[in-house]
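Asks: To be precise about what I am sending: the file is called input.cif and holds mmCIF, C-alpha atoms and all ligand atoms.
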```cif
data_final
loop_
_atom_site.label_atom_id
_atom_site.label_comp_id
_atom_site.auth_asym_id
_atom_site.auth_seq_id
_atom_site.Cartn_x
_atom_site.Cartn_y
_atom_site.Cartn_z
CA MET T 1 -19.24 27.00 30.13
CA ASP T 2 -22.75 27.67 31.42
CA LYS T 3 -21.67 31.18 32.33
CA LEU T 4 -20.56 31.76 28.76
CA ARG T 5 -23.79 30.27 27.37
CA ASN T 6 -25.89 32.45 29.63
CA TYR T 7 -23.93 35.55 28.71
CA VAL T 8 -24.50 34.91 24.99
CA LYS T 9 -28.14 34.06 25.67
CA GLU T 10 -28.64 37.40 27.35
CA LEU T 11 -27.00 39.25 24.46
CA LEU T 12 -29.34 37.52 22.02
CA GLU T 13 -32.53 37.73 24.05
CA SER T 14 -32.09 41.39 24.91
CA GLY T 15 -31.69 42.09 21.21
CA GLU T 16 -28.27 43.61 21.72
CA ILE T 17 -26.96 41.31 19.01
CA THR T 18 -28.79 39.71 16.08
CA GLY T 19 -26.57 36.66 15.92
CA PHE T 20 -23.61 35.10 17.67
CA LEU T 21 -20.88 33.46 15.65
CA GLY T 22 -19.37 30.62 17.64
CA LEU T 23 -18.75 26.90 17.38
CA ILE T 24 -21.45 24.28 17.76
CA ASP T 25 -20.99 20.63 18.61
CA ASP T 26 -22.08 18.57 15.61
CA GLY T 27 -21.82 14.88 16.44
CA GLY T 28 -18.61 15.40 18.37
CA HIS T 29 -17.17 17.87 15.85
CA PRO T 30 -17.13 21.58 16.71
CA ILE T 31 -18.05 23.60 13.60
CA PRO T 32 -18.78 27.30 13.01
CA HIS T 33 -22.39 28.33 13.55
CA LEU T 34 -24.40 31.53 13.95
CA PHE T 35 -26.60 31.26 17.04
CA THR T 36 -29.82 33.28 16.98
CA LYS T 37 -32.73 34.11 19.26
CA GLU T 38 -35.05 31.98 17.12
CA HIS T 39 -33.13 28.82 18.00
CA ILE T 40 -31.87 29.77 21.43
CA ASP T 41 -31.79 26.14 22.64
CA ARG T 42 -28.94 25.42 20.30
CA LEU T 43 -26.74 27.38 22.71
CA ASN T 44 -26.65 24.19 24.80
CA ASP T 45 -24.31 22.86 22.11
CA LEU T 46 -22.02 25.90 22.07
CA VAL T 47 -18.47 24.63 22.59
CA VAL T 48 -14.94 25.99 22.90
CA PRO T 49 -12.57 23.31 21.58
CA ASP T 50 -8.78 23.49 21.61
CA PHE T 51 -8.50 24.21 17.92
CA ARG T 52 -9.60 27.11 15.77
CA TYR T 53 -11.68 28.10 12.80
CA PRO T 54 -11.13 31.45 11.04
CA MET T 55 -13.88 33.25 12.99
CA THR T 56 -13.19 36.77 11.75
CA ASP T 57 -12.92 35.58 8.16
CA ILE T 58 -16.39 34.03 8.48
CA LEU T 59 -17.62 37.16 10.26
CA LEU T 60 -16.68 39.23 7.21
CA LYS T 61 -18.93 37.11 5.01
CA ILE T 62 -21.88 37.80 7.31
CA VAL T 63 -21.07 41.49 7.77
CA ARG T 64 -20.86 41.99 3.99
CA LYS T 65 -24.47 40.87 3.74
CA TYR T 66 -25.69 42.51 6.95
CA PRO T 67 -23.60 45.68 7.28
CA GLU T 68 -26.03 47.29 9.70
CA SER T 69 -26.65 44.46 12.16
CA THR T 70 -24.83 44.01 15.44
CA ILE T 71 -23.16 40.64 15.62
CA GLY T 72 -21.42 38.82 18.43
CA VAL T 73 -18.40 36.69 17.74
CA MET T 74 -16.28 34.35 19.79
CA VAL T 75 -12.71 35.66 19.72
CA ARG T 76 -9.40 34.35 20.94
CA GLY T 77 -6.36 36.59 21.19
CA CYS T 78 -5.60 36.26 17.48
CA ASP T 79 -9.20 36.86 16.38
CA ASP T 80 -9.31 39.96 18.54
CA ARG T 81 -6.13 41.28 16.95
CA ALA T 82 -7.77 40.64 13.57
CA LEU T 83 -10.83 42.67 14.64
CA ILE T 84 -8.56 45.62 15.45
CA GLU T 85 -6.92 45.58 12.04
CA LEU T 86 -10.17 44.85 10.18
CA ALA T 87 -11.72 47.94 11.75
CA LYS T 88 -8.74 50.05 10.68
CA ASN T 89 -9.15 48.71 7.16
CA GLN T 90 -12.84 49.64 7.21
CA LYS T 91 -13.94 46.05 6.81
CA ILE T 92 -16.01 46.09 10.00
CA MET T 93 -17.46 48.77 12.24
CA SER T 94 -16.26 48.11 15.79
CA ASP T 95 -19.53 49.52 17.19
CA LEU T 96 -21.45 46.76 15.45
CA ILE T 97 -19.31 43.87 16.68
CA ARG T 98 -19.55 42.38 20.19
CA PRO T 99 -16.45 40.29 20.76
CA VAL T 100 -16.96 37.52 23.31
CA GLY T 101 -13.47 36.74 24.51
CA VAL T 102 -11.93 33.34 25.16
CA ALA T 103 -8.51 33.03 26.78
CA CYS T 104 -6.44 30.17 25.42
CA SER T 105 -4.96 27.42 27.55
CA LYS T 106 -1.23 27.17 28.20
CA GLU T 107 -1.06 24.17 25.87
CA MET T 108 -2.70 26.09 23.05
CA ALA T 109 -0.52 29.14 23.61
CA GLU T 110 2.54 26.93 23.37
CA SER T 111 1.46 24.98 20.34
CA CYS T 112 0.56 28.26 18.58
CA ARG T 113 3.76 29.94 19.85
CA CYS T 114 1.43 32.81 20.59
CA SER T 115 2.73 36.04 22.08
CA GLN T 116 -0.70 37.12 23.29
CA PRO T 117 -3.05 34.20 23.85
CA TYR T 118 -5.93 36.28 25.18
CA PRO T 119 -8.29 38.95 23.85
CA ARG T 120 -8.85 42.46 25.26
CA GLU T 121 -11.81 41.29 27.30
CA ILE T 122 -12.08 37.74 28.62
CA HIS T 123 -15.45 36.02 29.11
CA TYR T 124 -14.21 32.45 29.27
CA GLY T 125 -10.96 30.79 30.37
CA GLU T 126 -7.99 31.96 32.40
CA LYS T 127 -5.40 34.30 31.00
CA VAL T 128 -1.94 32.72 30.60
CA GLU T 129 1.33 34.40 29.68
CA GLY T 130 2.32 34.65 26.04
CA VAL T 131 5.16 32.69 24.49
CA GLN T 132 8.13 34.63 23.14
CA ASP T 133 9.68 32.25 20.67
CA ARG T 134 11.50 33.32 17.53
CA SER T 135 13.50 30.13 17.12
CA ASP T 136 12.01 29.62 13.65
CA LEU T 137 13.42 32.98 12.54
CA GLU T 138 16.75 32.39 14.24
CA GLU T 139 17.17 29.16 12.37
CA VAL T 140 16.73 30.86 9.00
CA GLU T 141 18.85 33.83 10.03
CA SER T 142 21.72 31.52 10.91
CA MET T 143 22.03 30.54 7.22
CA ASP T 144 24.11 32.63 4.82
CA LEU T 145 22.26 34.42 2.02
CA SER T 146 22.60 31.71 -0.62
CA GLY T 147 21.69 29.08 1.96
CA ARG T 148 18.58 31.05 2.82
CA LEU T 149 17.60 31.37 -0.83
CA ASP T 150 18.05 27.63 -1.33
CA TYR T 151 16.02 26.95 1.77
CA TRP T 152 13.09 29.10 0.72
CA MET T 153 13.15 28.03 -2.92
CA GLY T 154 13.08 24.43 -1.69
CA GLN T 155 10.12 25.19 0.53
CA PHE T 156 8.22 27.19 -2.11
CA SER T 157 8.72 24.49 -4.74
CA LYS T 158 6.45 22.24 -2.65
CA CYS T 159 3.50 24.63 -3.11
CA ILE T 160 0.44 23.06 -4.74
CA LYS T 161 -1.22 26.46 -5.28
CA CYS T 162 -4.32 25.63 -3.29
CA TYR T 163 -4.70 29.26 -2.13
CA GLY T 164 -5.49 27.84 1.31
CA CYS T 165 -3.10 30.30 2.97
CA ARG T 166 -5.00 33.19 1.43
CA ASN T 167 -8.48 31.70 1.82
CA ILE T 168 -8.19 31.04 5.53
CA CYS T 169 -6.61 34.39 6.36
CA SER T 170 -8.84 37.05 7.90
CA MET T 171 -6.49 39.74 6.73
CA CYS T 172 -6.74 38.65 3.07
CA PHE T 173 -9.91 40.54 2.29
CA CYS T 174 -9.16 42.13 -1.11
CA ASP T 175 -11.84 41.95 -3.80
CA GLN T 176 -9.18 41.35 -6.41
CA CYS T 177 -6.24 39.25 -5.38
CA THR T 178 -2.80 39.93 -6.83
CA LEU T 179 -2.02 36.24 -6.60
CA GLU T 180 -4.55 35.69 -9.38
CA ASP T 181 -3.24 38.53 -11.53
CA GLU T 182 -1.82 36.95 -14.67
CA THR T 183 0.50 39.85 -15.35
CA LEU T 184 2.27 39.31 -12.03
CA VAL T 185 2.01 35.58 -11.44
CA MET T 186 2.08 33.28 -14.43
CA THR T 187 -0.97 31.03 -14.45
CA GLY T 188 -1.44 27.37 -15.25
CA GLN T 189 1.47 25.84 -13.39
CA THR T 190 2.32 24.22 -10.08
CA PRO T 191 4.25 25.13 -8.16
CA PRO T 192 3.15 28.67 -8.99
CA GLU T 193 5.85 31.03 -10.15
CA ILE T 194 8.34 31.10 -7.29
CA PRO T 195 9.46 32.91 -5.26
CA ILE T 196 7.17 35.72 -6.48
CA PHE T 197 3.90 34.01 -5.50
CA HIS T 198 4.93 33.67 -1.87
CA LEU T 199 6.79 36.97 -1.69
CA ILE T 200 3.77 38.91 -2.95
CA ARG T 201 1.71 37.48 -0.16
CA ALA T 202 4.47 38.12 2.38
CA PHE T 203 4.71 41.79 1.39
CA HIS T 204 0.95 42.20 1.41
CA MET T 205 0.93 40.93 4.96
CA ALA T 206 3.04 43.85 6.18
CA GLY T 207 0.88 45.88 8.54
CA ARG T 208 -1.83 43.26 8.28
CA CYS T 209 -0.72 39.82 9.50
CA ILE T 210 -1.72 39.37 13.12
CA ASP T 211 0.38 36.20 13.53
CA CYS T 212 -2.41 33.69 14.09
CA GLY T 213 -0.71 30.87 12.21
CA LEU T 214 -3.90 29.67 10.47
CA CYS T 215 -2.19 29.89 7.07
CA GLU T 216 0.58 27.53 8.08
CA GLU T 217 -1.94 25.15 9.64
CA ALA T 218 -3.86 25.09 6.35
CA CYS T 219 -0.85 24.55 4.09
CA PRO T 220 -0.94 20.98 2.73
CA ALA T 221 2.72 21.33 1.70
CA HIS T 222 3.92 22.19 5.22
CA ILE T 223 5.65 25.35 4.06
CA PRO T 224 6.69 27.43 7.11
CA LEU T 225 4.70 30.40 5.85
CA ARG T 226 4.26 31.95 9.21
CA SER T 227 8.01 32.51 9.62
CA LEU T 228 7.92 34.60 6.48
CA TYR T 229 5.12 36.81 7.74
CA ARG T 230 6.61 36.96 11.23
CA LYS T 231 9.76 38.39 9.72
CA VAL T 232 7.74 41.03 7.90
CA ARG T 233 5.87 41.73 11.11
CA GLU T 234 9.11 42.08 13.01
CA ASP T 235 10.47 44.48 10.38
CA MET T 236 7.31 46.56 10.67
CA ALA T 237 7.87 46.76 14.43
CA ASN T 238 11.61 47.47 14.23
CA TYR T 239 11.63 49.95 11.38
CA LEU T 240 8.25 51.62 11.52
CA GLY T 241 7.38 51.05 15.16
CA TYR T 242 4.06 49.44 14.31
CA VAL T 243 2.69 46.20 15.76
CA THR T 244 -0.51 44.90 14.19
CA GLY T 245 -3.43 44.12 16.42
CA LYS T 246 -2.00 45.99 19.38
CA ASP T 247 -3.70 49.34 19.51
CA GLU T 248 -7.03 50.11 17.92
CA TYR T 249 -6.27 53.83 17.60
CA GLU T 250 -2.74 53.77 16.26
CA LYS T 251 -2.63 54.22 12.52
CA ASP T 252 -0.94 51.71 10.25
CA PRO T 253 2.05 53.61 8.75
CA LEU T 254 1.59 51.84 5.41
CA GLU T 255 -1.92 53.28 5.19
CA PHE T 256 -0.92 56.92 5.17
CA LEU T 257 2.71 57.07 4.05
CA GLY T 258 2.92 59.76 1.42
CA SER T 259 -0.02 62.08 1.62
CA GLU T 260 -0.21 62.80 5.34
CA GLY T 261 3.50 62.59 5.98
CA TYR T 262 4.95 60.29 8.55
CA GLU T 263 7.93 60.67 10.77
CA VAL T 264 10.00 57.54 10.61
CA PRO T 265 11.10 56.55 14.13
CA SER T 266 14.77 57.31 14.71
CA LYS T 267 15.38 53.65 15.46
CA ILE T 268 16.07 52.73 11.84
CA ASP T 269 19.63 51.59 11.26
CA GLU T 270 21.34 50.59 8.08
CA THR T 271 21.29 46.81 8.48
CA MET R 1 -30.00 36.08 9.43
CA GLU R 2 -28.88 32.46 9.30
CA TYR R 3 -25.39 31.09 8.93
CA GLN R 4 -24.41 27.51 9.45
CA THR R 5 -21.80 25.10 8.27
CA VAL R 6 -22.64 21.62 7.10
CA ARG R 7 -20.18 18.78 7.48
CA THR R 8 -19.75 16.72 4.36
CA THR R 9 -17.17 14.99 2.17
CA CYS R 10 -15.52 16.62 -0.83
CA THR R 11 -16.88 15.12 -4.05
CA TYR R 12 -13.94 15.96 -6.27
CA CYS R 13 -11.86 12.84 -5.72
CA GLY R 14 -11.67 9.61 -3.81
CA THR R 15 -9.41 10.90 -1.02
CA GLY R 16 -12.42 11.80 1.07
CA CYS R 17 -11.44 15.13 2.64
CA GLY R 18 -13.81 16.52 5.24
CA VAL R 19 -15.27 19.87 4.21
CA LEU R 20 -17.72 22.29 5.75
CA LEU R 21 -20.13 23.94 3.35
CA GLU R 22 -20.92 27.45 4.52
CA VAL R 23 -24.61 28.24 4.18
CA LEU R 24 -25.74 31.85 4.50
CA ASP R 25 -29.54 32.29 4.45
CA GLY R 26 -29.97 29.01 2.59
CA GLU R 27 -27.34 29.77 -0.04
CA VAL R 28 -24.06 27.87 -0.14
CA VAL R 29 -21.42 30.60 -0.14
CA GLY R 30 -18.16 28.87 0.66
CA THR R 31 -16.14 25.84 1.69
CA LEU R 32 -13.89 25.42 4.71
CA PRO R 33 -11.61 22.49 5.49
CA GLN R 34 -12.80 20.50 8.50
CA LYS R 35 -10.10 21.05 11.10
CA ASP R 36 -10.62 17.84 13.06
CA HIS R 37 -11.04 15.50 10.11
CA PRO R 38 -8.68 12.51 10.21
CA ILE R 39 -8.03 12.53 6.44
CA ASN R 40 -7.23 16.15 5.61
CA GLU R 41 -6.59 17.63 9.06
CA GLY R 42 -7.78 21.12 8.16
CA LYS R 43 -6.17 21.26 4.72
CA LEU R 44 -7.63 21.16 1.19
CA CYS R 45 -6.45 21.32 -2.40
CA ILE R 46 -7.65 24.04 -4.76
CA LYS R 47 -10.59 21.91 -5.89
CA GLY R 48 -11.72 21.24 -2.35
CA TRP R 49 -11.61 24.94 -1.53
CA SER R 50 -13.91 25.53 -4.52
CA ALA R 51 -16.17 22.55 -3.83
CA HIS R 52 -19.25 24.75 -3.43
CA GLU R 53 -18.91 26.48 -6.79
CA PHE R 54 -20.52 23.90 -9.06
CA ILE R 55 -23.68 23.71 -6.97
CA TYR R 56 -25.33 26.59 -8.79
CA ALA R 57 -23.60 26.04 -12.15
CA ASP R 58 -25.97 26.29 -15.12
CA GLY R 59 -24.65 23.12 -16.73
CA ARG R 60 -25.09 20.97 -13.66
CA LEU R 61 -27.05 17.74 -14.14
CA THR R 62 -29.68 17.45 -11.44
CA LYS R 63 -31.85 14.76 -13.04
CA PRO R 64 -31.03 11.68 -15.15
CA LEU R 65 -31.26 12.25 -18.91
CA VAL R 66 -32.22 9.52 -21.36
CA ARG R 67 -31.53 9.87 -25.09
CA LYS R 68 -34.71 9.51 -27.09
CA GLY R 69 -34.03 9.74 -30.79
CA ASP R 70 -31.47 12.55 -31.01
CA LYS R 71 -32.75 14.37 -27.93
CA LEU R 72 -31.81 14.00 -24.28
CA GLU R 73 -34.89 13.97 -22.12
CA GLU R 74 -35.29 14.19 -18.38
CA ALA R 75 -36.27 10.92 -16.75
CA SER R 76 -36.87 9.50 -13.29
CA TRP R 77 -34.13 7.42 -11.68
CA ASP R 78 -36.28 4.30 -11.99
CA GLU R 79 -36.83 4.87 -15.67
CA ALA R 80 -33.15 5.59 -16.34
CA LEU R 81 -31.87 2.61 -14.37
CA ASP R 82 -34.41 0.23 -15.91
CA PHE R 83 -33.36 1.41 -19.33
CA VAL R 84 -29.65 0.89 -18.62
CA ALA R 85 -30.22 -2.57 -17.10
CA LYS R 86 -32.37 -3.68 -20.01
CA ARG R 87 -29.91 -2.48 -22.65
CA LEU R 88 -26.90 -4.02 -20.89
CA LEU R 89 -28.60 -7.42 -20.79
CA GLU R 90 -29.73 -7.14 -24.40
CA LEU R 91 -26.22 -6.26 -25.59
CA LYS R 92 -24.64 -9.02 -23.53
CA LYS R 93 -27.02 -11.57 -25.03
CA LYS R 94 -26.50 -10.35 -28.56
CA ASN R 95 -22.73 -9.66 -28.64
CA GLY R 96 -21.26 -11.41 -25.59
CA PRO R 97 -20.03 -9.94 -22.28
CA ASP R 98 -16.78 -8.57 -23.72
CA SER R 99 -18.76 -6.23 -25.94
CA LEU R 100 -19.43 -4.27 -22.75
CA GLY R 101 -17.19 -2.28 -20.44
CA CYS R 102 -17.43 0.31 -17.67
CA PHE R 103 -15.74 3.49 -16.65
CA SER R 104 -15.85 4.24 -12.98
CA SER R 105 -14.91 7.55 -11.45
CA ALA R 106 -12.23 9.13 -9.31
CA LYS R 107 -15.05 11.13 -7.77
CA CYS R 108 -16.54 8.03 -6.17
CA THR R 109 -15.52 6.31 -2.97
CA ASN R 110 -13.40 3.16 -2.99
CA GLU R 111 -16.50 1.23 -2.05
CA GLU R 112 -18.53 2.54 -4.99
CA ASN R 113 -15.66 1.74 -7.35
CA TYR R 114 -15.47 -1.74 -5.88
CA LEU R 115 -19.17 -2.27 -6.51
CA LEU R 116 -18.99 -1.15 -10.12
CA GLN R 117 -16.12 -3.50 -11.01
CA LYS R 118 -17.93 -6.25 -9.13
CA ILE R 119 -21.13 -5.87 -11.11
CA PHE R 120 -19.19 -5.86 -14.39
CA ARG R 121 -16.99 -8.82 -13.52
CA ALA R 122 -19.48 -10.99 -11.65
CA VAL R 123 -22.82 -10.07 -13.23
CA ILE R 124 -21.90 -9.06 -16.78
CA GLY R 125 -18.81 -11.27 -16.98
CA THR R 126 -16.14 -9.00 -18.45
CA ASN R 127 -12.81 -7.58 -17.32
CA ASN R 128 -13.33 -4.38 -19.32
CA VAL R 129 -13.08 -2.16 -16.27
CA ASP R 130 -11.48 1.26 -16.33
CA HIS R 131 -11.90 4.70 -14.84
CA CYS R 132 -12.53 8.26 -15.90
CA ALA R 133 -8.92 9.40 -15.63
CA ARG R 134 -8.29 7.43 -18.85
CA LEU R 135 -10.96 9.28 -20.82
S1 LIG W 1 -2.52 38.00 -1.12
FE1 LIG W 1 -2.52 40.15 -1.16
S2 LIG W 1 -3.90 40.68 -2.80
FE2 LIG W 1 -4.32 38.59 -2.28
S3 LIG W 1 -5.99 38.76 -0.84
FE3 LIG W 1 -4.08 38.66 0.33
S4 LIG W 1 -3.55 40.77 0.67
FE4 LIG W 1 -5.06 40.72 -0.94
S1 LIG W 2 -0.58 34.24 10.42
FE1 LIG W 2 -1.25 33.72 8.33
S2 LIG W 2 -3.48 33.50 8.44
FE2 LIG W 2 -2.83 34.60 10.29
S3 LIG W 2 -3.00 36.77 9.75
FE3 LIG W 2 -0.90 36.16 9.32
S4 LIG W 2 -0.90 35.63 7.17
FE4 LIG W 2 -3.05 35.61 7.84
S1 LIG W 3 -1.34 26.95 1.51
FE1 LIG W 3 0.73 26.22 1.02
S2 LIG W 3 0.45 24.96 -0.83
FE2 LIG W 3 -1.42 26.18 -0.61
S3 LIG W 3 -1.02 28.03 -1.89
FE3 LIG W 3 -0.42 28.53 0.22
S4 LIG W 3 1.79 28.07 0.25
FE4 LIG W 3 0.96 27.01 -1.54
#
```
Show how you would write the structure in this file as structure tokens.
Replies:
Amino acid sequence: MDKLRNYVKELLESGEITGFLGLIDDGGHPIPHLFTKEHIDRLNDLVVPDFRYPMTDILLKIVRKYPESTIGVMVRGCDDRALIELAKNQKIMSDLIRPVGVACSKEMAESCRCSQPYPREIHYGEKVEGVQDRSDLEEVESMDLSGRLDYWMGQFSKCIKCYGCRNICSMCFCDQCTLEDETLVMTGQTPPEIPIFHLIRAFHMAGRCIDCGLCEEACPAHIPLRSLYRKVREDMANYLGYVTGKDEYEKDPLEFLGSEGYEVPSKIDET
Amino acid sequence: MEYQTVRTTCTYCGTGCGVLLEVLDGEVVGTLPQKDHPINEGKLCIKGWSAHEFIYADGRLTKPLVRKGDKLEEASWDEALDFVAKRLLELKKKNGPDSLGCFSSAKCTNEENYLLQKIFRAVIGTNNVDHCARL
């Protein structure tokens, strides 16, 4: 931990970064905090707990106000994948972000069912293998079509329309959200109009969702949202050969379909 | 450049969810659910997620107001509380305890609600106790 603190201290003191977004211990509770050179002693309370806050989502709020400053941010594997996609969507400039990487423990990787529990560069923690687990999808796929519809309608009907899934998601960065568009989703009712409310979000997550699971963690109704977005993610990989958060240079096919032309990989079958 | 989060409790209802107010350069810009809070465990309802929004609302009451004639005037807490205490005692003396009643609030804690019913039952002497959801 001291190594990590010293590394961040150096970044701040040398002026390489203006602030470092990490977690600070506040009476036994780790909470998001921007460390700065002015209060360098606070780095003694920098912590890396075994749960997560939406670091890149918070980062966007700071970057919007300080688009020209260089900012450091603590990233796990999922946050780092988010940085890759946020840069492609022109929400951040990679040159102005210094990711400080944390590798997740085996326990965390398993509880997150995370396929890549480490960032590109690791400054803290030991890299462990990812978990390949699609049992949630297999369970839904084993149902026949009407069974699946019943299952999802049952799940969606629990929704209390808190917008937590959208609010906590780093990849939900639109200025105007379709989920609040009265012409598409009827307002003034809970559950919100289903299944359209949840399907809009699922489709918008194609080429965006980096499978962090924060949405599902934030859902008070325990709707297995992540399975929905994992399916979309899988379809993106199978049909368009694109995996979000994997390669910072590869273009998202949904971003340039149409005008630039795009050769669909031959892999597509008719299923 | 300053960004910090401040741990506090959502004021919208009595559940007591833990929230973090996000403060960017001294301005409250957002709310996050506290992930390690025993009540809400990192989840919030739509009101909790918007808990920061009323802070800068124009219509927000930041000081007690006392009606003088047909005008509401700003007053100190001491002045407002003295006025309320005096009028409650006057009305009780003139019309009896059952001429009075109280509305408590779903925005208060259980303990605050307990205290309000206690003061009305034990000090004023009436069972006219209700809460804002009935208004
Ligand atoms: S749900 Fe869709 S429209 Fe709304 S913020 Fe997310 S991506 Fe944007
Ligand atoms: S898993 Fe959920 S919160 Fe994470 S990127 Fe995907 S949709 Fe957003
Ligand atoms: S987090 Fe869950 S309950 Fe809240 S809007 Fe999303 S799906 Fe509905």
Asks: Could you tell me which residues of chain T sit within 9 Å of chain R when counting all atoms listed in the file, and give me the result as a PyMOL selection string?
Replies: chain T and resi 18-19+21+26+29-36+51-53+58+61-62+66+160-164+167-168+217-220
Asks: Could the residues in this selection be saved with C-alpha atoms as a CSV table (one decimal), in the frame of the given file?
Replies:
```csv
chain,number,residue,atom,x,y,z
T,18,THR,CA,-28.8,39.7,16.1
T,19,GLY,CA,-26.6,36.7,15.9
T,21,LEU,CA,-20.9,33.5,15.6
T,26,ASP,CA,-22.1,18.6,15.6
T,29,HIS,CA,-17.2,17.9,15.8
T,30,PRO,CA,-17.1,21.6,16.7
T,31,ILE,CA,-18.0,23.6,13.6
T,32,PRO,CA,-18.8,27.3,13.0
T,33,HIS,CA,-22.4,28.3,13.6
T,34,LEU,CA,-24.4,31.5,14.0
T,35,PHE,CA,-26.6,31.3,17.0
T,36,THR,CA,-29.8,33.3,17.0
T,51,PHE,CA,-8.5,24.2,17.9
T,52,ARG,CA,-9.6,27.1,15.8
T,53,TYR,CA,-11.7,28.1,12.8
T,58,ILE,CA,-16.4,34.0,8.5
T,61,LYS,CA,-18.9,37.1,5.0
T,62,ILE,CA,-21.9,37.8,7.3
T,66,TYR,CA,-25.7,42.5,7.0
T,160,ILE,CA,0.4,23.1,-4.7
T,161,LYS,CA,-1.2,26.5,-5.3
T,162,CYS,CA,-4.3,25.6,-3.3
T,163,TYR,CA,-4.7,29.3,-2.1
T,164,GLY,CA,-5.5,27.8,1.3
T,167,ASN,CA,-8.5,31.7,1.8
T,168,ILE,CA,-8.2,31.0,5.5
T,217,GLU,CA,-1.9,25.2,9.6
T,218,ALA,CA,-3.9,25.1,6.4
T,219,CYS,CA,-0.8,24.6,4.1
T,220,PRO,CA,-0.9,21.0,2.7
```
Asks: Using all atoms listed in the file, which residue out of T:Tyr229, T:Tyr239, T:Tyr7, T:Tyr151 lies closest to Leu46 of chain T?
Replies: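 Of all the options, T:Tyr7 lies closest to Leu46 of chain T.
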Asks: What residues of the protein or nucleic acid chains come within 6 Å of ligand LIG 1 (chain W) when you use only C-alpha atoms and all ligand atoms? Reply as JSON, numbers by chain.
Replies: {"T": [166, 172, 173, 174, 177, 178, 179, 201, 204]}
Asks: Work out how far atom CA of Ala80 of chain R is from atom CA of Leu65 of chain R, in Å to one decimal.
Replies: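 Spanning atom CA of Leu65 of chain R to atom CA of Ala80 of chain R is a straight-line distance of 7.4 Å.
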Asks: Which residues are near ligand LIG 2 (chain W) in this structure, taking near to mean any atom at most 6 Å from a ligand atom and counting only C-alpha atoms and all ligand atoms? Format them as a VMD selection string.
Replies: chain T and resid 169 to 171 209 to 215 226
Asks: Output the selection as a tab-separated table (two decimals), in the frame of the given file - C-alpha atoms for each residue.
Replies:
```
chain	number	residue	atom	x	y	z
T	169	CYS	CA	-6.61	34.39	6.36
T	170	SER	CA	-8.84	37.05	7.90
T	171	MET	CA	-6.49	39.74	6.73
T	209	CYS	CA	-0.72	39.82	9.50
T	210	ILE	CA	-1.72	39.37	13.12
T	211	ASP	CA	0.38	36.20	13.53
T	212	CYS	CA	-2.41	33.69	14.09
T	213	GLY	CA	-0.71	30.87	12.21
T	214	LEU	CA	-3.90	29.67	10.47
T	215	CYS	CA	-2.19	29.89	7.07
T	226	ARG	CA	4.26	31.95	9.21
```
Asks: Of the residues T:Pro191, T:Gly130, T:Pro54, T:Pro99, which is the one nearest to ligand LIG 3 (chain W), using all atoms listed in the file?
Replies: T:Pro191
Asks: Put a box with edges along x, y and z around all the listed atoms of ligand LIG 3 (chain W), pad it by 5 Å on each side, then give me its centre and sizes in Å, one decimal, as lines of an AutoDock Vina configuration file.
Replies:
```
center_x = 0.2
center_y = 26.7
center_z = -0.2
size_x = 13.2
size_y = 13.6
size_z = 13.4
```
Asks: Would you compute the distance between atom CA of Gly207 of chain T and atom CA of Leu254 of chain T? Give it in Å to one decimal.
Replies: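 Going from atom CA of Gly207 of chain T over to atom CA of Leu254 of chain T covers 6.8 Å.
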